Every structure is written in C-alpha cells, then in structure tokens.
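Enquirer: What follows is data_29.cif, made up of mmCIF, C-alpha atoms:
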```
data_work
loop_
_atom_site.group_PDB
_atom_site.id
_atom_site.type_symbol
_atom_site.label_atom_id
_atom_site.label_comp_id
_atom_site.auth_asym_id
_atom_site.auth_seq_id
_atom_site.Cartn_x
_atom_site.Cartn_y
_atom_site.Cartn_z
ATOM 1 C CA MET A 1 -25.350 42.215 47.955
ATOM 2 C CA PRO A 2 -27.441 45.302 48.599
ATOM 3 C CA ALA A 3 -27.462 46.485 52.172
ATOM 4 C CA SER A 4 -31.229 46.198 52.527
ATOM 5 C CA PRO A 5 -33.535 43.777 50.727
ATOM 6 C CA LEU A 6 -35.328 45.207 47.707
ATOM 7 C CA ASP A 7 -38.798 46.455 48.377
ATOM 8 C CA PHE A 8 -41.520 46.539 45.778
ATOM 9 C CA THR A 9 -41.460 50.328 45.524
ATOM 10 C CA THR A 10 -37.818 50.285 44.473
ATOM 11 C CA LEU A 11 -38.611 47.708 41.795
ATOM 12 C CA ALA A 12 -41.689 49.586 40.629
ATOM 13 C CA GLU A 13 -39.610 52.708 39.992
ATOM 14 C CA HIS A 14 -38.428 50.939 36.854
ATOM 15 C CA ARG A 15 -41.919 50.158 35.642
ATOM 16 C CA THR A 16 -42.127 53.059 33.185
ATOM 17 C CA TYR A 17 -38.847 52.045 31.613
ATOM 18 C CA LEU A 18 -39.814 48.379 31.368
ATOM 19 C CA LEU A 19 -43.174 49.289 29.864
ATOM 20 C CA LYS A 20 -41.514 51.447 27.259
ATOM 21 C CA ILE A 21 -39.207 48.712 26.003
ATOM 22 C CA ALA A 22 -41.938 46.050 26.248
ATOM 23 C CA ARG A 23 -44.224 48.203 24.072
ATOM 24 C CA ILE A 24 -41.537 48.644 21.417
ATOM 25 C CA GLU A 25 -40.964 44.892 21.392
ATOM 26 C CA LEU A 26 -44.545 43.659 21.498
ATOM 27 C CA ARG A 27 -46.607 46.398 19.802
ATOM 28 C CA ASP A 28 -49.387 45.372 22.172
ATOM 29 C CA GLU A 29 -50.242 47.652 25.063
ATOM 30 C CA VAL A 30 -52.189 45.101 27.099
ATOM 31 C CA LEU A 31 -49.651 42.333 26.670
ATOM 32 C CA ALA A 32 -46.833 44.743 27.515
ATOM 33 C CA GLU A 33 -48.585 45.747 30.759
ATOM 34 C CA ASP A 34 -49.185 42.109 31.648
ATOM 35 C CA LEU A 35 -45.626 40.997 31.054
ATOM 36 C CA VAL A 36 -44.157 43.944 32.935
ATOM 37 C CA SER A 37 -46.394 43.171 35.911
ATOM 38 C CA ASP A 38 -45.340 39.515 35.698
ATOM 39 C CA ALA A 39 -41.699 40.480 35.529
ATOM 40 C CA LEU A 40 -41.955 42.820 38.525
ATOM 41 C CA THR A 41 -43.803 40.192 40.543
ATOM 42 C CA GLN A 42 -41.239 37.580 39.632
ATOM 43 C CA ALA A 43 -38.413 39.961 40.489
ATOM 44 C CA PHE A 44 -39.969 40.645 43.874
ATOM 45 C CA GLU A 45 -40.310 36.923 44.583
ATOM 46 C CA ARG A 46 -36.687 36.397 43.633
ATOM 47 C CA ARG A 47 -35.343 39.585 45.193
ATOM 48 C CA GLU A 48 -32.872 37.589 47.287
ATOM 49 C CA GLN A 49 -31.204 36.542 44.038
ATOM 50 C CA PHE A 50 -30.332 40.107 43.064
ATOM 51 C CA ARG A 51 -26.623 40.356 43.729
ATOM 52 C CA GLY A 52 -26.071 43.945 42.800
ATOM 53 C CA THR A 53 -23.306 42.935 40.388
ATOM 54 C CA SER A 54 -25.400 44.352 37.564
ATOM 55 C CA SER A 55 -27.664 47.344 37.886
ATOM 56 C CA LEU A 56 -31.194 46.724 39.081
ATOM 57 C CA ARG A 57 -32.493 47.911 35.708
ATOM 58 C CA THR A 58 -30.334 45.376 33.874
ATOM 59 C CA TRP A 59 -31.542 42.601 36.149
ATOM 60 C CA LEU A 60 -35.192 43.564 35.679
ATOM 61 C CA THR A 61 -34.721 43.866 31.912
ATOM 62 C CA ALA A 62 -33.351 40.315 31.798
ATOM 63 C CA ILE A 63 -36.371 39.008 33.707
ATOM 64 C CA LEU A 64 -38.740 40.883 31.414
ATOM 65 C CA LYS A 65 -36.866 39.601 28.359
ATOM 66 C CA ASN A 66 -37.338 36.013 29.504
ATOM 67 C CA ARG A 67 -41.061 36.553 29.916
ATOM 68 C CA ILE A 68 -41.255 38.139 26.466
ATOM 69 C CA ILE A 69 -39.315 35.306 24.858
ATOM 70 C CA ASP A 70 -41.649 32.717 26.388
ATOM 71 C CA VAL A 71 -44.586 34.514 24.835
ATOM 72 C CA LEU A 72 -42.898 35.029 21.460
ATOM 73 C CA ARG A 73 -41.900 31.387 21.212
ATOM 74 C CA LYS A 74 -45.480 30.396 21.868
ATOM 75 C CA GLN A 75 -46.881 32.909 19.369
ATOM 76 C CA TRP A 76 -44.414 31.872 16.712
ATOM 77 C CA ARG A 77 -45.113 28.180 17.204
ATOM 78 C CA GLU A 78 -48.793 28.813 16.663
ATOM 79 C CA GLN A 79 -48.182 31.001 13.662
ATOM 80 C CA PRO A 80 -45.227 29.754 11.624
ATOM 81 C CA LEU A 81 -43.236 32.315 9.687
ATOM 82 C CA GLU A 82 -44.533 32.983 6.234
ATOM 83 C CA ILE A 83 -42.007 33.604 3.531
ATOM 84 C CA GLU A 84 -42.058 37.346 3.309
ATOM 85 C CA SER A 85 -40.985 37.568 -0.307
ATOM 86 C CA ASP A 86 -42.266 41.128 -0.646
ATOM 87 C CA ASP A 87 -39.792 42.239 1.969
ATOM 88 C CA GLU A 88 -36.998 40.395 0.247
ATOM 89 C CA GLN A 89 -37.876 42.011 -3.060
ATOM 90 C CA SER A 90 -38.156 45.476 -1.574
ATOM 91 C CA ILE A 91 -34.593 45.139 -0.298
ATOM 92 C CA GLU A 92 -33.297 43.748 -3.590
ATOM 93 C CA ARG A 93 -34.948 46.606 -5.471
ATOM 94 C CA ILE A 94 -32.742 49.273 -3.937
ATOM 95 C CA PHE A 95 -29.784 47.782 -5.857
ATOM 96 C CA ASP A 96 -29.270 47.691 -9.622
ATOM 97 C CA ARG A 97 -28.209 44.571 -11.490
ATOM 98 C CA SER A 98 -24.565 45.069 -10.677
ATOM 99 C CA GLY A 99 -25.343 45.480 -6.978
ATOM 100 C CA HIS A 100 -24.974 49.273 -6.748
ATOM 101 C CA TYR A 101 -27.439 51.464 -4.887
ATOM 102 C CA ILE A 102 -29.924 52.953 -7.340
ATOM 103 C CA ASP A 103 -30.462 56.009 -5.120
ATOM 104 C CA MET A 104 -27.459 57.451 -3.319
ATOM 105 C CA PRO A 105 -27.916 56.820 0.426
ATOM 106 C CA THR A 106 -28.197 60.092 2.344
ATOM 107 C CA SER A 107 -25.007 61.130 4.030
ATOM 108 C CA VAL A 108 -25.043 61.419 7.801
ATOM 109 C CA ASN A 109 -22.195 63.637 8.884
ATOM 110 C CA ASP A 110 -22.467 63.095 12.573
ATOM 111 C CA PRO A 111 -24.411 59.990 13.641
ATOM 112 C CA ALA A 112 -23.945 60.797 17.331
ATOM 113 C CA GLU A 113 -25.384 64.256 16.946
ATOM 114 C CA LEU A 114 -28.259 63.046 14.771
ATOM 115 C CA SER A 115 -29.131 60.394 17.340
ATOM 116 C CA GLN A 116 -29.842 63.125 19.902
ATOM 117 C CA GLN A 117 -32.397 64.938 17.753
ATOM 118 C CA ASN A 118 -35.984 64.425 18.793
ATOM 119 C CA ASP A 119 -37.304 64.406 15.237
ATOM 120 C CA PHE A 120 -34.903 61.666 14.295
ATOM 121 C CA LEU A 121 -35.744 59.601 17.377
ATOM 122 C CA ALA A 122 -39.436 59.905 16.572
ATOM 123 C CA ALA A 123 -38.763 58.805 12.988
ATOM 124 C CA VAL A 124 -36.715 55.806 14.148
ATOM 125 C CA GLN A 125 -39.450 54.755 16.532
ATOM 126 C CA LEU A 126 -42.084 55.065 13.827
ATOM 127 C CA CYS A 127 -40.021 53.105 11.317
ATOM 128 C CA VAL A 128 -39.280 50.346 13.853
ATOM 129 C CA ASP A 129 -43.031 50.044 14.459
ATOM 130 C CA ARG A 130 -43.560 49.643 10.729
ATOM 131 C CA LEU A 131 -41.153 46.746 10.295
ATOM 132 C CA PRO A 132 -42.803 43.397 9.596
ATOM 133 C CA LYS A 133 -43.738 42.235 13.063
ATOM 134 C CA ARG A 134 -41.437 39.302 13.525
ATOM 135 C CA ILE A 135 -38.441 40.960 11.931
ATOM 136 C CA GLY A 136 -39.071 43.940 14.184
ATOM 137 C CA GLN A 137 -39.283 41.712 17.242
ATOM 138 C CA VAL A 138 -35.939 40.051 16.537
ATOM 139 C CA PHE A 139 -34.380 43.437 15.817
ATOM 140 C CA VAL A 140 -35.695 45.041 19.019
ATOM 141 C CA LEU A 141 -34.474 42.095 21.090
ATOM 142 C CA ARG A 142 -31.065 42.720 19.577
ATOM 143 C CA GLU A 143 -30.898 46.512 19.682
ATOM 144 C CA VAL A 144 -33.084 47.465 22.625
ATOM 145 C CA PHE A 145 -32.815 44.429 24.901
ATOM 146 C CA GLY A 146 -29.182 43.915 23.964
ATOM 147 C CA SER A 147 -29.311 40.196 23.132
ATOM 148 C CA ASP A 148 -26.428 38.986 21.031
ATOM 149 C CA THR A 149 -26.982 36.644 18.098
ATOM 150 C CA LYS A 150 -25.965 33.574 20.092
ATOM 151 C CA GLU A 151 -28.628 34.323 22.668
ATOM 152 C CA LEU A 152 -31.201 35.003 19.987
ATOM 153 C CA CYS A 153 -30.519 31.632 18.363
ATOM 154 C CA LYS A 154 -30.788 29.802 21.638
ATOM 155 C CA GLU A 155 -33.757 31.690 23.004
ATOM 156 C CA LEU A 156 -35.807 31.758 19.826
ATOM 157 C CA GLY A 157 -34.719 28.453 18.349
ATOM 158 C CA LEU A 158 -33.373 30.079 15.176
ATOM 159 C CA THR A 159 -30.209 29.360 13.221
ATOM 160 C CA SER A 160 -27.530 32.036 13.222
ATOM 161 C CA SER A 161 -27.893 32.631 9.481
ATOM 162 C CA ASN A 162 -31.618 33.109 9.985
ATOM 163 C CA VAL A 163 -30.963 35.668 12.726
ATOM 164 C CA TRP A 164 -28.413 37.504 10.571
ATOM 165 C CA VAL A 165 -30.809 37.619 7.637
ATOM 166 C CA GLN A 166 -33.617 38.981 9.790
ATOM 167 C CA LEU A 167 -31.393 41.630 11.341
ATOM 168 C CA TYR A 168 -30.099 42.558 7.889
ATOM 169 C CA ARG A 169 -33.615 42.955 6.548
ATOM 170 C CA ALA A 170 -34.617 44.988 9.570
ATOM 171 C CA ARG A 171 -31.719 47.399 9.134
ATOM 172 C CA MET A 172 -32.185 47.784 5.399
ATOM 173 C CA MET A 173 -35.933 48.344 5.731
ATOM 174 C CA LEU A 174 -35.319 50.832 8.517
ATOM 175 C CA ARG A 175 -32.900 52.865 6.460
ATOM 176 C CA THR A 176 -35.279 52.830 3.494
ATOM 177 C CA CYS A 177 -38.061 54.033 5.771
ATOM 178 C CA LEU A 178 -35.828 56.741 7.237
ATOM 179 C CA GLU A 179 -34.698 57.838 3.772
ATOM 180 C CA ARG A 180 -38.295 58.720 2.997
ATOM 181 C CA GLY A 181 -38.063 61.342 5.709
ATOM 182 C CA GLY A 182 -34.667 62.553 4.478
ATOM 183 C CA PHE A 183 -32.820 60.667 7.208
ATOM 184 C CA GLY A 184 -33.301 63.405 9.734
ATOM 185 C CA ARG A 185 -32.865 66.208 7.230
ATOM 186 C CA PRO A 186 -35.726 68.357 6.128
ATOM 187 C CA VAL A 187 -37.102 66.935 2.890
ATOM 188 C CA MET A 188 -36.548 69.482 0.149
ATOM 189 C CA ASP A 189 -39.162 68.387 -2.315
ATOM 190 C CA GLY A 190 -42.306 66.342 -2.202
ATOM 191 C CA LYS A 191 -40.516 63.111 -2.947
ATOM 192 C CA MET B 192 -12.695 38.097 -4.812
ATOM 193 C CA ILE B 193 -11.313 41.101 -3.028
ATOM 194 C CA LEU B 194 -13.739 43.511 -4.730
ATOM 195 C CA ILE B 195 -17.327 43.309 -3.564
ATOM 196 C CA SER B 196 -20.557 44.951 -4.647
ATOM 197 C CA CYS B 197 -22.523 47.421 -2.522
ATOM 198 C CA GLN B 198 -25.163 44.755 -2.059
ATOM 199 C CA HIS B 199 -22.577 42.395 -0.617
ATOM 200 C CA ALA B 200 -21.046 45.226 1.426
ATOM 201 C CA SER B 201 -24.459 46.055 2.919
ATOM 202 C CA LYS B 202 -24.662 42.506 4.281
ATOM 203 C CA LEU B 203 -21.217 42.796 5.821
ATOM 204 C CA LEU B 204 -22.136 46.180 7.323
ATOM 205 C CA SER B 205 -25.099 44.575 9.037
ATOM 206 C CA LEU B 206 -23.113 41.529 10.121
ATOM 207 C CA ARG B 207 -20.502 43.869 11.586
ATOM 208 C CA GLU B 208 -23.166 45.256 13.926
ATOM 209 C CA ASP B 209 -23.634 41.779 15.412
ATOM 210 C CA GLU B 210 -20.362 39.878 15.107
ATOM 211 C CA VAL B 211 -16.647 40.421 14.921
ATOM 212 C CA LEU B 212 -15.966 39.986 11.217
ATOM 213 C CA PRO B 213 -13.324 37.429 10.264
ATOM 214 C CA PHE B 214 -10.197 38.905 8.719
ATOM 215 C CA GLY B 215 -11.072 38.337 5.047
ATOM 216 C CA LYS B 216 -14.506 39.888 5.313
ATOM 217 C CA ARG B 217 -13.190 42.774 7.359
ATOM 218 C CA LEU B 218 -10.535 43.482 4.748
ATOM 219 C CA ARG B 219 -12.962 43.311 1.824
ATOM 220 C CA LEU B 220 -15.374 45.626 3.592
ATOM 221 C CA ARG B 221 -12.660 48.088 4.539
ATOM 222 C CA LEU B 222 -11.362 48.262 0.974
ATOM 223 C CA HIS B 223 -14.873 48.715 -0.354
ATOM 224 C CA LEU B 224 -15.621 51.535 2.092
ATOM 225 C CA MET B 225 -12.427 53.314 1.051
ATOM 226 C CA ILE B 226 -13.730 53.702 -2.478
ATOM 227 C CA CYS B 227 -17.482 53.814 -1.952
ATOM 228 C CA ASP B 228 -19.348 56.879 -0.632
ATOM 229 C CA ALA B 229 -22.712 55.128 -0.789
ATOM 230 C CA CYS B 230 -21.691 52.356 1.582
ATOM 231 C CA THR B 231 -19.840 54.793 3.817
ATOM 232 C CA ASN B 232 -23.111 56.695 4.142
ATOM 233 C CA VAL B 233 -24.974 53.490 4.942
ATOM 234 C CA SER B 234 -22.442 52.595 7.616
ATOM 235 C CA HIS B 235 -23.095 56.000 9.235
ATOM 236 C CA GLN B 236 -26.833 55.458 8.919
ATOM 237 C CA PHE B 237 -26.540 52.133 10.752
ATOM 238 C CA ALA B 238 -24.518 53.829 13.480
ATOM 239 C CA ALA B 239 -27.109 56.609 13.816
ATOM 240 C CA VAL B 240 -29.951 54.093 14.118
ATOM 241 C CA ARG B 241 -28.117 52.094 16.737
ATOM 242 C CA MET B 242 -27.360 55.208 18.797
ATOM 243 C CA ALA B 243 -30.928 56.440 18.373
ATOM 244 C CA LEU B 244 -32.311 53.186 19.763
ATOM 245 C CA ARG B 245 -30.000 53.485 22.713
ATOM 246 C CA ALA B 246 -31.220 57.028 23.258
ATOM 247 C CA ILE B 247 -34.858 55.948 22.997
ATOM 248 C CA ARG B 248 -34.191 53.235 25.547
ATOM 249 C CA GLU B 249 -32.372 55.439 28.015
ATOM 250 C CA ARG B 250 -34.521 58.556 27.870
ATOM 251 C CA ASP B 251 -37.183 58.798 30.513
#
```
Can you dump the structure from the file as structure tokens?
Expert:
Amino acid sequence: MPASPLDFTTLAEHRTYLLKIARIELRDEVLAEDLVSDALTQAFERREQFRGTSSLRTWLTAILKNRIIDVLRKQWREQPLEIESDDEQSIERIFDRSGHYIDMPTSVNDPAELSQQNDFLAAVQLCVDRLPKRIGQVFVLREVFGSDTKELCKELGLTSSNVWVQLYRARMMLRTCLERGGFGRPVMDGK
Amino acid sequence: MILISCQHASKLLSLREDEVLPFGKRLRLRLHLMICDACTNVSHQFAAVRMALRAIRERD
C-alpha cells in the first residue's frame, strides 16, 4: 500500500505514455484521448484499490486496456470480420510450391542492437500502422499491452486458433513490410 | 514427419512467440533451424520486431 493516497497529478504523469500506446492500438486520435481520460478518471475513482504490488504504470495500462477492449468488442460486433483473403494470399505468395521462401529473408545479425535504432523503430511503427486494422489491433494488444493468448481469447471472444492465425499474419505482414525497407539496412537498389 | 517446410516453420516461429511449444513441435523447429538460414533469419526478425515494440512502448 502506498504511503499516501494517489493524487490525480501522479496519475496524470502517465498520460503521455497511455496516449502513446492507445494511439498505436486504436489508430484514432480522438478515441485514444477519450479512453485515456476515462481510464485516468476510473483509476482516480478506484485509487484505493491500487496496492502497489505492480507499478502504477502497469496498473493504469490494465485499466486502459479494459476500456479499449470494451470499445473493440462493440466495434467488432457491429462490423463482423470480413474474410481477408488478400492478406492470406499475400502471405502464401512469399513461399514457393514446396514451402520455401522465394526471396531470402534479410539476415539480422543483432536483433537487440537493431531494436535500438531510431530508423528501425520508425519503420516498425509505420508497418504496424499499415497492418489490416483488426489484425493490427490484436497484435498490438499482444505485443504492446502484453496480453497473452488466453487473455485475448477471453477478452475478445476469439478461439485460440483464431488468435494464433491473426498474430501469425500480423508478424508475417510486418516482416514483409520491413523487408521493403531492407529490414533496417540501407536499401542498395531501387527495389 | 520430422522434416518441415519453411512455411510450416514460420507458423511455429510465430506460435513460439506466444506459447511454450510442445516437445514435438519444438524439436521439429529446432532441427529445421539448424539447417535453414532463411528461417533462422526470420526468427531473428521476429525477435527484432518484438524488442522494437518494447522500445517504442518504453521510450518517452
């Protein structure tokens, strides 16, 4: 239990962070602002419940995630998933008939080092934004909000194989998108 | 089958990011990665993307 009760200023210090992850998830500035404000208000109302066993940021992120999931469930109910066969085909097309990669995937010698380069981070962000919306939303819940597949199934009402397929598509589309930029390496020709 | 295609391996590489692979799948993937540069590269790409997203999240 924290020594003193949380005040709103302490909570609001995390606003920039929450807005950043909400924007990546929602791709909607206004909605992101709204949900972050909701989450901060809710957190303030429930500040007695913060036990300090997790960090304040983790606690706030969980509250924001719940708000986001409410909205996504509603949006998805109103607009059922279309079969995105183009996406499926674009993934299949990177393999030949015997299931080998047609183009050799770019080698990444040091993933940790690459993941600190600003150019690469910008490319990842851009490519995540370009994923088909719903696939991107599931992927960001997984990779940015840290939900595991069990949570995703429960929270979004999806089957585990559906979640795995969506995460698979997201990752394969992301790497294809990043390959276009040389996967963090300067592109040598105008390919 | 103990030998798998790159296409199959790519699915296991993604699954590995989300779940602990059962023994059989883990073995098949490991054997495939031992002989396949393409999939080894993809496994590093997945790692780089995951770390990049963490960096994007944590940077102020």
Enquirer: Point out the residue among B:Glu249, B:Asn232, B:Met225, B:Ser201 with the least atom-to-atom distance to chain A, counting all atoms listed in the file.
Expert: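 Checking each candidate against chain A, we get B:Asn232 as the closest.
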Enquirer: Mind dumping a table of every range 202-244 of chain B residue within 8 Å of range 102-115 of chain A, with the nearest atom pair and its distance in Å to one decimal, using all atoms listed in the file, sorted by chain and rising number, as CSV?
Expert:
```
residue,atom,partner,partner_atom,distance
B:Ala229,CA,A:Pro105,CA,5.6
B:Cys230,CA,A:Pro105,CA,7.7
B:Asn232,CA,A:Ser107,CA,4.8
B:Val233,CA,A:Pro105,CA,6.3
B:His235,CA,A:Val108,CA,5.9
B:Gln236,CA,A:Val108,CA,6.3
B:Ala238,CA,A:Pro111,CA,6.2
B:Ala239,CA,A:Pro111,CA,4.3
B:Val240,CA,A:Ser115,CA,7.1
B:Met242,CA,A:Ser115,CA,5.7
B:Ala243,CA,A:Ser115,CA,4.5
```
Enquirer: Can those selected residues be exported to a file as a short mmCIF file (atom, residue, chain, number, x, y, z; two decimals), in the coordinates of the input so that it contains C-alpha atoms?
Expert:
```
data_model
loop_
_atom_site.label_atom_id
_atom_site.label_comp_id
_atom_site.auth_asym_id
_atom_site.auth_seq_id
_atom_site.Cartn_x
_atom_site.Cartn_y
_atom_site.Cartn_z
CA ALA B 229 -22.71 55.13 -0.79
CA CYS B 230 -21.69 52.36 1.58
CA ASN B 232 -23.11 56.70 4.14
CA VAL B 233 -24.97 53.49 4.94
CA HIS B 235 -23.10 56.00 9.24
CA GLN B 236 -26.83 55.46 8.92
CA ALA B 238 -24.52 53.83 13.48
CA ALA B 239 -27.11 56.61 13.82
CA VAL B 240 -29.95 54.09 14.12
CA MET B 242 -27.36 55.21 18.80
CA ALA B 243 -30.93 56.44 18.37
#
```
Enquirer: Go through B:Ala200, B:Leu222, B:Ile247, B:Ile193 and flag the residue nearest Tyr101 in chain A, using only C-alpha atoms for the distances.
Expert: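 Smallest distance to Tyr101 in chain A is found for B:Ala200.
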Enquirer: List every protein, DNA or RNA residue that has at least one atom no more than 8 Å from (-20.0, 47.1, -1.5) in the file's coordinates, counting all atoms listed in the file, and write the result as a PDB file with C-alpha atoms, in the frame of the given file.
Expert:
```pdb
ATOM      1  CA  GLY A  99     -25.343  45.480  -6.978  1.00  0.00           C
ATOM      2  CA  HIS A 100     -24.974  49.273  -6.748  1.00  0.00           C
TER       3      HIS A 100
ATOM      4  CA  LEU B 194     -13.739  43.511  -4.730  1.00  0.00           C
ATOM      5  CA  ILE B 195     -17.327  43.309  -3.564  1.00  0.00           C
ATOM      6  CA  SER B 196     -20.557  44.951  -4.647  1.00  0.00           C
ATOM      7  CA  CYS B 197     -22.523  47.421  -2.522  1.00  0.00           C
ATOM      8  CA  GLN B 198     -25.163  44.755  -2.059  1.00  0.00           C
ATOM      9  CA  HIS B 199     -22.577  42.395  -0.617  1.00  0.00           C
ATOM     10  CA  ALA B 200     -21.046  45.226   1.426  1.00  0.00           C
ATOM     11  CA  SER B 201     -24.459  46.055   2.919  1.00  0.00           C
ATOM     12  CA  LEU B 220     -15.374  45.626   3.592  1.00  0.00           C
ATOM     13  CA  HIS B 223     -14.873  48.715  -0.354  1.00  0.00           C
ATOM     14  CA  LEU B 224     -15.621  51.535   2.092  1.00  0.00           C
ATOM     15  CA  CYS B 227     -17.482  53.814  -1.952  1.00  0.00           C
ATOM     16  CA  CYS B 230     -21.691  52.356   1.582  1.00  0.00           C
TER      17      CYS B 230
END
```
Enquirer: So how far away is CA of Met172 in chain A from CA of Arg23 in chain A, in Å?
Expert: 22.2 Å
Enquirer: Determine the nearest neighbour of chain B from the options A:Val163, A:Leu35, A:Leu126, A:Leu121, counting all atoms listed in the file.
Expert: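 Nearest to chain B: A:Leu121.
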Enquirer: Taking all atoms listed in the file into account, name the residue in B:Lys202, B:Arg250, B:Arg221, B:Lys216 that is nearest to Phe237 in chain B.
Expert: B:Lys202
Enquirer: May I have a table of the residues of range 91-127 of chain A lying at most 12 Å from range 132-142 of chain A, giving each one's closest pair of atoms and their distance in Å to one decimal, counting only C-alpha atoms, ordered by chain and ascending residue number, as CSV?
Expert:
```
residue,atom,partner,partner_atom,distance
A:Val124,CA,A:Val140,CA,11.9
A:Gln125,CA,A:Val140,CA,10.7
A:Leu126,CA,A:Gly136,CA,11.5
A:Cys127,CA,A:Gly136,CA,9.6
```
Enquirer: Could you jot down the CA of Leu244 in chain B to CA of Ile21 in chain A separation for me, Å, one decimal place?
Expert: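 Result for CA of Leu244 in chain B versus CA of Ile21 in chain A: 10.3 Å, one decimal.
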Enquirer: Can you work out which one of A:Asn118, A:Thr9, A:Thr159, A:Thr53 has the shortest atom-to-atom distance to chain B, counting all atoms listed in the file?
Expert: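 Ranked by minimum distance to chain B, first place goes to A:Asn118.
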Enquirer: With all atoms listed in the file as the basis for distance, which of A:Arg67, A:Trp76, A:Asn162, A:Val144 is at the shortest distance from chain B?
Expert: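 Closest to chain B, using all atoms listed in the file: A:Val144.
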Enquirer: Have a look at CA of Ala12 in chain A and CA of Val128 in chain A and let me know their distance in Å, one decimal.
Expert: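 CA of Ala12 in chain A sits 26.9 Å away from CA of Val128 in chain A.
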Enquirer: Using the atoms already present, construct N, CA and C atoms for range 226-240 of chain B and hand them back as a short mmCIF file (atom, residue, chain, number, x, y, z; two decimals), in the coordinates of the input.
Expert:
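Heads up, here's the output in selection.cif:
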```cif
data_model
loop_
_atom_site.label_atom_id
_atom_site.label_comp_id
_atom_site.auth_asym_id
_atom_site.auth_seq_id
_atom_site.Cartn_x
_atom_site.Cartn_y
_atom_site.Cartn_z
N ILE B 226 -13.44 53.17 -1.14
CA ILE B 226 -13.73 53.70 -2.48
C ILE B 226 -15.21 53.97 -2.70
N CYS B 227 -16.04 53.73 -1.71
CA CYS B 227 -17.48 53.81 -1.95
C CYS B 227 -18.18 54.76 -0.97
N ASP B 228 -18.63 55.92 -1.48
CA ASP B 228 -19.35 56.88 -0.63
C ASP B 228 -20.70 56.34 -0.20
N ALA B 229 -21.37 55.63 -1.10
CA ALA B 229 -22.71 55.13 -0.79
C ALA B 229 -22.67 54.23 0.45
N CYS B 230 -21.75 53.29 0.45
CA CYS B 230 -21.69 52.36 1.58
C CYS B 230 -21.16 53.03 2.85
N THR B 231 -20.29 54.03 2.66
CA THR B 231 -19.84 54.79 3.82
C THR B 231 -21.04 55.49 4.46
N ASN B 232 -21.91 56.06 3.61
CA ASN B 232 -23.11 56.70 4.14
C ASN B 232 -23.99 55.69 4.88
N VAL B 233 -24.14 54.51 4.29
CA VAL B 233 -24.97 53.49 4.94
C VAL B 233 -24.37 53.07 6.28
N SER B 234 -23.05 52.98 6.34
CA SER B 234 -22.44 52.60 7.62
C SER B 234 -22.72 53.66 8.69
N HIS B 235 -22.74 54.94 8.27
CA HIS B 235 -23.10 56.00 9.24
C HIS B 235 -24.57 55.95 9.60
N GLN B 236 -25.40 55.59 8.63
CA GLN B 236 -26.83 55.46 8.92
C GLN B 236 -27.07 54.36 9.96
N PHE B 237 -26.40 53.23 9.78
CA PHE B 237 -26.54 52.13 10.75
C PHE B 237 -26.10 52.61 12.14
N ALA B 238 -25.01 53.34 12.19
CA ALA B 238 -24.52 53.83 13.48
C ALA B 238 -25.54 54.77 14.12
N ALA B 239 -26.13 55.65 13.29
CA ALA B 239 -27.11 56.61 13.82
C ALA B 239 -28.34 55.89 14.37
N VAL B 240 -28.77 54.84 13.66
CA VAL B 240 -29.95 54.09 14.12
C VAL B 240 -29.65 53.39 15.44
#
```
